[in-house]
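Report on the following structure.
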Amino acid sequence: MKELTKNLTLAAALTFAMATLGASLARADDAKPEAKPDNEVSYNVAIVSDYRYRGISQSRLDPALQGGADYTHNPTGLYAGTWLSTIHWIKDDGGSDNVEWDIYGGKRGEIVKDVSYDVGVLTYVYPSNDLSHVAGFANANTTEIYGQLGYGPAYVKYSLALTNLFGTPDSKNSGYLDLGANIDLSQGWTGNLHAGRQNVRNNGIASYTDWKVGVTKDFGFVTGALAVIGTNADKTFYMSPENQKFLGKTALVLNITKTF
């Protein structure tokens, strides 16, 4: 009788364990993300209190409107996209444009588990910018290639200019080093840390370091980002000719984005 009781107790324990394991597996299956489609297209629109690129204001420290579209082929990691923003610096420097149009494409994926890569090419187009006719400037259109490695929330990225850099003469092969991390803070909050170094070839006065400390929050219907951004850029070289304000000043920048 004692042996029978022992066996029944063992059987009950095994039954309970299997039931618990089955429930855990069921919950794990429920928690699995839905498989991504092979071809994915998304769109985005945004308003920013100041369009900062590599720490320098492109919109004369004023708000800007932005929007874009992205295509991803998930099985291969190939992607392409386009993006536009209102700007002021071209006109302020004597050109005729108030729009930046970016066109890009590349490939991203994993080298090994938790180690990601992203390589591609990006062209910044300023239609009819006419800066090549302004003394001290070259054509503003710029093309860069880039490569990025990521591990967990951290990444390192390097961009190399195949042309003159944003209207600066004799600046081909300029480079930008970008170090950063996007840290999950839970409940939809992400901490954003960044430090960058822009080296402008043959134009030492234009070279500088920039940084950012901020947070991003996914509210479901929109995503908000708030960051303190600053640089050690030369205050004379990066001064707006329109209002004599330093375009790399330390400031708080707000970004509201809708993706669909």
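Letters for chains follow the order of the structure tokens (A, B, ...), residue numbers begin at 1 for each chain, and ligand numbers begin at 1 in the order shown.
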Strand (DSSP E) residues, from DSSP on the backbone, in segment 113-227 of chain A, as a PyMOL selection string: chain A and resi 115-125+142-151+154-161+175-186+189-199+208-218+223-227
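Using only C-alpha atoms, the residues found no farther than 6 Å from segment 249-253 of chain A, other than those of its own chain fewer than 3 positions away, are A:Ser49, A:Leu226, A:Ala227, A:Val228, A:Ile229, A:Gly230, A:Phe246.
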Pull the closest atom pair for each residue of segment 106-197 of chain A that gets at most 7 Å from segment 82-101 of chain A, along with the distance in Å to one decimal, counting only C-alpha atoms, ordering rows by chain and then ascending residue number, as CSV.
```
residue,atom,partner,partner_atom,distance
A:Tyr124,CA,A:Trp101,CA,5.9
A:Val125,CA,A:Trp101,CA,4.9
A:Tyr126,CA,A:Glu100,CA,5.3
A:Pro127,CA,A:Asp97,CA,6.6
A:Ser128,CA,A:Asp97,CA,6.6
A:Asn129,CA,A:Asp97,CA,5.1
A:Asp130,CA,A:Gly95,CA,5.2
A:Leu131,CA,A:Gly95,CA,5.0
A:Val134,CA,A:Gly94,CA,6.5
```
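You will find atom CA of Ile47 of chain A at 10.0 Å from atom CA of Gly224 of chain A.
Relative to atom CA of Ala35 of chain A, atom CA of Gln187 of chain A is found at 23.0 Å.
Distance annotation: of A:Leu149, A:Val200, A:Ala138, A:Leu193, the residue with the minimal separation from Ile111 of chain A is A:Leu149; atom set is only C-alpha atoms.
Checking A:Ser207, A:Gln66, A:Thr72, A:Thr190 one by one against Ala233 of chain A, counting only C-alpha atoms, you find the shortest gap at A:Ser207.
Residue nearest Ala206 of chain A, chosen from A:Gly188, A:Ala181, A:Leu165, A:His194 and counting only C-alpha atoms: A:Leu165.
The environment of Gly191 of chain A within 7 Å, counting only C-alpha atoms and disregarding residues fewer than 3 places along the same chain, consists of A:Asn182, A:Ile183, A:Asp184, A:Leu185, A:Gly214, A:Val215, A:Thr216.
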Please produce, as JSON lines, a per-residue contact table for segment 137-256 of chain A versus segment 113-119 of chain A (criterion: any atom at most 8 Å away, only C-alpha atoms considered), showing the nearest atom pair and its distance in Å to one decimal, sorted by chain then residue number.
```
{"residue": "A:Ile145", "atom": "CA", "partner": "A:Val119", "partner_atom": "CA", "distance": 7.7}
{"residue": "A:Tyr146", "atom": "CA", "partner": "A:Val119", "partner_atom": "CA", "distance": 5.6}
{"residue": "A:Gly147", "atom": "CA", "partner": "A:Val119", "partner_atom": "CA", "distance": 4.4}
{"residue": "A:Gln148", "atom": "CA", "partner": "A:Asp118", "partner_atom": "CA", "distance": 5.0}
{"residue": "A:Leu149", "atom": "CA", "partner": "A:Tyr117", "partner_atom": "CA", "distance": 4.6}
{"residue": "A:Gly150", "atom": "CA", "partner": "A:Ser116", "partner_atom": "CA", "distance": 4.9}
{"residue": "A:Tyr151", "atom": "CA", "partner": "A:Val115", "partner_atom": "CA", "distance": 4.8}
{"residue": "A:Gly152", "atom": "CA", "partner": "A:Asp114", "partner_atom": "CA", "distance": 6.0}
```
Could the residues in this selection be saved with all heavy atoms as a compact mmCIF listing (two decimals), in the first residue's frame?
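The resulting file, out_18.txt, is reproduced below:
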```
# COMPACT_ATOMS: atom_id res chain seq x y z
N ILE A 145 28.91 56.74 -48.27
CA ILE A 145 28.72 55.32 -47.97
C ILE A 145 28.92 55.15 -46.47
O ILE A 145 29.62 55.95 -45.84
CB ILE A 145 29.69 54.41 -48.75
CG1 ILE A 145 31.14 54.83 -48.52
CG2 ILE A 145 29.35 54.42 -50.23
CD1 ILE A 145 32.17 53.89 -49.14
N TYR A 146 28.28 54.14 -45.90
CA TYR A 146 28.37 53.96 -44.45
C TYR A 146 28.38 52.49 -44.07
O TYR A 146 27.91 51.62 -44.81
CB TYR A 146 27.22 54.67 -43.74
CG TYR A 146 25.83 54.22 -44.19
CD1 TYR A 146 25.22 53.09 -43.64
CD2 TYR A 146 25.15 54.92 -45.19
CE1 TYR A 146 23.97 52.69 -44.05
CE2 TYR A 146 23.90 54.52 -45.61
CZ TYR A 146 23.31 53.40 -45.04
OH TYR A 146 22.07 52.99 -45.48
N GLY A 147 28.95 52.24 -42.90
CA GLY A 147 28.94 50.90 -42.33
C GLY A 147 28.73 50.99 -40.83
O GLY A 147 29.28 51.88 -40.18
N GLN A 148 27.91 50.09 -40.30
CA GLN A 148 27.60 50.12 -38.87
C GLN A 148 27.66 48.73 -38.29
O GLN A 148 27.22 47.76 -38.91
CB GLN A 148 26.20 50.71 -38.65
CG GLN A 148 25.73 50.68 -37.21
CD GLN A 148 24.39 51.36 -37.01
OE1 GLN A 148 24.19 52.48 -37.44
NE2 GLN A 148 23.45 50.65 -36.38
N LEU A 149 28.20 48.63 -37.07
CA LEU A 149 28.18 47.40 -36.28
C LEU A 149 27.44 47.69 -34.98
O LEU A 149 27.62 48.75 -34.38
CB LEU A 149 29.59 46.92 -35.98
CG LEU A 149 30.40 46.33 -37.14
CD1 LEU A 149 31.82 46.03 -36.67
CD2 LEU A 149 29.73 45.08 -37.68
N GLY A 150 26.61 46.75 -34.56
CA GLY A 150 25.87 46.91 -33.33
C GLY A 150 26.01 45.69 -32.44
O GLY A 150 26.14 44.56 -32.92
N TYR A 151 26.00 45.93 -31.13
CA TYR A 151 25.99 44.84 -30.16
C TYR A 151 25.05 45.23 -29.04
O TYR A 151 25.31 46.20 -28.31
CB TYR A 151 27.39 44.57 -29.61
CG TYR A 151 27.42 43.43 -28.62
CD1 TYR A 151 27.32 42.11 -29.06
CD2 TYR A 151 27.50 43.68 -27.25
CE1 TYR A 151 27.33 41.06 -28.15
CE2 TYR A 151 27.52 42.63 -26.34
CZ TYR A 151 27.42 41.33 -26.80
OH TYR A 151 27.42 40.29 -25.91
N GLY A 152 23.94 44.50 -28.91
CA GLY A 152 22.92 44.88 -27.95
C GLY A 152 22.40 46.27 -28.28
O GLY A 152 22.10 46.57 -29.45
```
One-decimal distance in Å that lies between atom CA of Asp178 of chain A and atom CA of Ala225 of chain A: 19.0 Å
Residues flagged alpha helix (DSSP H) by DSSP in segment 7-253 of chain A, as a PyMOL selection string: chain A and resi 7-31+89-92
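Shortest separation to Gly67 of chain A among A:Gly55, A:Gly81, A:Gly105, A:Gly136 occurs at residue A:Gly81, atoms counted being only C-alpha atoms.
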Residue with smallest distance to Leu78 of chain A - pool A:Asn232, A:Gln58, A:Ser174, A:Asn39, counting only C-alpha atoms: A:Asn39
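For Arg201 of chain A, the list of residues within 8 Å, based on only C-alpha atoms and with local chain neighbours fewer than 2 positions off taken out, reads Asp170, Ser171, Lys172, Asn173, Ser174, Gly175, Asn199, Asn203 and Gly204 of chain A.
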Could those selected residues go to a file with all heavy atoms, as a PDB file, in the first residue's frame?
```
ATOM      1  N   ASP A 170      36.598  71.145 -51.780  1.00  0.00           N
ATOM      2  CA  ASP A 170      37.767  70.294 -51.551  1.00  0.00           C
ATOM      3  C   ASP A 170      37.629  69.436 -50.298  1.00  0.00           C
ATOM      4  O   ASP A 170      38.589  69.262 -49.542  1.00  0.00           O
ATOM      5  CB  ASP A 170      39.030  71.162 -51.460  1.00  0.00           C
ATOM      6  CG  ASP A 170      40.313  70.349 -51.616  1.00  0.00           C
ATOM      7  OD1 ASP A 170      40.264  69.289 -52.258  1.00  0.00           O
ATOM      8  OD2 ASP A 170      41.344  70.779 -51.066  1.00  0.00           O
ATOM      9  N   SER A 171      36.415  68.913 -50.060  1.00  0.00           N
ATOM     10  CA  SER A 171      36.178  68.140 -48.832  1.00  0.00           C
ATOM     11  C   SER A 171      35.823  66.683 -49.097  1.00  0.00           C
ATOM     12  O   SER A 171      35.341  65.985 -48.195  1.00  0.00           O
ATOM     13  CB  SER A 171      35.055  68.792 -48.011  1.00  0.00           C
ATOM     14  OG  SER A 171      33.856  68.866 -48.766  1.00  0.00           O
ATOM     15  N   LYS A 172      36.054  66.211 -50.325  1.00  0.00           N
ATOM     16  CA  LYS A 172      35.806  64.803 -50.630  1.00  0.00           C
ATOM     17  C   LYS A 172      36.618  63.914 -49.685  1.00  0.00           C
ATOM     18  O   LYS A 172      37.731  64.251 -49.304  1.00  0.00           O
ATOM     19  CB  LYS A 172      36.193  64.518 -52.085  1.00  0.00           C
ATOM     20  CG  LYS A 172      35.936  63.090 -52.528  1.00  0.00           C
ATOM     21  CD  LYS A 172      36.334  62.903 -53.990  1.00  0.00           C
ATOM     22  CE  LYS A 172      36.130  61.459 -54.430  1.00  0.00           C
ATOM     23  NZ  LYS A 172      36.528  61.263 -55.854  1.00  0.00           N
ATOM     24  N   ASN A 173      36.045  62.779 -49.307  1.00  0.00           N
ATOM     25  CA  ASN A 173      36.639  61.812 -48.369  1.00  0.00           C
ATOM     26  C   ASN A 173      36.574  62.266 -46.914  1.00  0.00           C
ATOM     27  O   ASN A 173      37.280  61.725 -46.055  1.00  0.00           O
ATOM     28  CB  ASN A 173      38.080  61.463 -48.741  1.00  0.00           C
ATOM     29  CG  ASN A 173      38.168  60.724 -50.064  1.00  0.00           C
ATOM     30  OD1 ASN A 173      37.303  59.900 -50.381  1.00  0.00           O
ATOM     31  ND2 ASN A 173      39.186  61.036 -50.852  1.00  0.00           N
ATOM     32  N   SER A 174      35.730  63.243 -46.618  1.00  0.00           N
ATOM     33  CA  SER A 174      35.473  63.588 -45.229  1.00  0.00           C
ATOM     34  C   SER A 174      34.772  62.416 -44.543  1.00  0.00           C
ATOM     35  O   SER A 174      34.053  61.643 -45.189  1.00  0.00           O
ATOM     36  CB  SER A 174      34.593  64.835 -45.135  1.00  0.00           C
ATOM     37  OG  SER A 174      35.248  65.970 -45.651  1.00  0.00           O
ATOM     38  N   GLY A 175      34.951  62.298 -43.231  1.00  0.00           N
ATOM     39  CA  GLY A 175      34.368  61.165 -42.520  1.00  0.00           C
ATOM     40  C   GLY A 175      33.649  61.578 -41.257  1.00  0.00           C
ATOM     41  O   GLY A 175      33.983  62.597 -40.633  1.00  0.00           O
ATOM     42  N   ASN A 199      34.884  64.970 -39.309  1.00  0.00           N
ATOM     43  CA  ASN A 199      36.162  65.429 -39.838  1.00  0.00           C
ATOM     44  C   ASN A 199      35.942  65.920 -41.263  1.00  0.00           C
ATOM     45  O   ASN A 199      35.560  65.134 -42.134  1.00  0.00           O
ATOM     46  CB  ASN A 199      37.194  64.296 -39.818  1.00  0.00           C
ATOM     47  CG  ASN A 199      38.512  64.720 -40.429  1.00  0.00           C
ATOM     48  OD1 ASN A 199      39.031  65.789 -40.116  1.00  0.00           O
ATOM     49  ND2 ASN A 199      39.063  63.889 -41.302  1.00  0.00           N
ATOM     50  N   ASN A 203      39.606  71.116 -44.393  1.00  0.00           N
ATOM     51  CA  ASN A 203      38.875  72.251 -43.839  1.00  0.00           C
ATOM     52  C   ASN A 203      38.783  72.073 -42.324  1.00  0.00           C
ATOM     53  O   ASN A 203      37.711  71.826 -41.771  1.00  0.00           O
ATOM     54  CB  ASN A 203      37.472  72.353 -44.442  1.00  0.00           C
ATOM     55  CG  ASN A 203      37.476  72.717 -45.912  1.00  0.00           C
ATOM     56  OD1 ASN A 203      37.417  73.883 -46.277  1.00  0.00           O
ATOM     57  ND2 ASN A 203      37.552  71.700 -46.774  1.00  0.00           N
ATOM     58  N   GLY A 204      39.934  72.205 -41.660  1.00  0.00           N
ATOM     59  CA  GLY A 204      39.993  71.931 -40.237  1.00  0.00           C
ATOM     60  C   GLY A 204      39.041  72.766 -39.400  1.00  0.00           C
ATOM     61  O   GLY A 204      38.490  72.291 -38.408  1.00  0.00           O
TER      62      GLY A 204
END
```
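Between Pro63 of chain A and the candidates A:Glu242, A:Val112, A:Val213, A:Ala46, the tightest atom-to-atom separation, counting only C-alpha atoms, involves A:Ala46.
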Test item: residues at most 10 Å from Pro75 of chain A, only C-alpha atoms, excluding those fewer than 5 positions along its chain, as a ChimeraX atom specification: /A:36-39,109
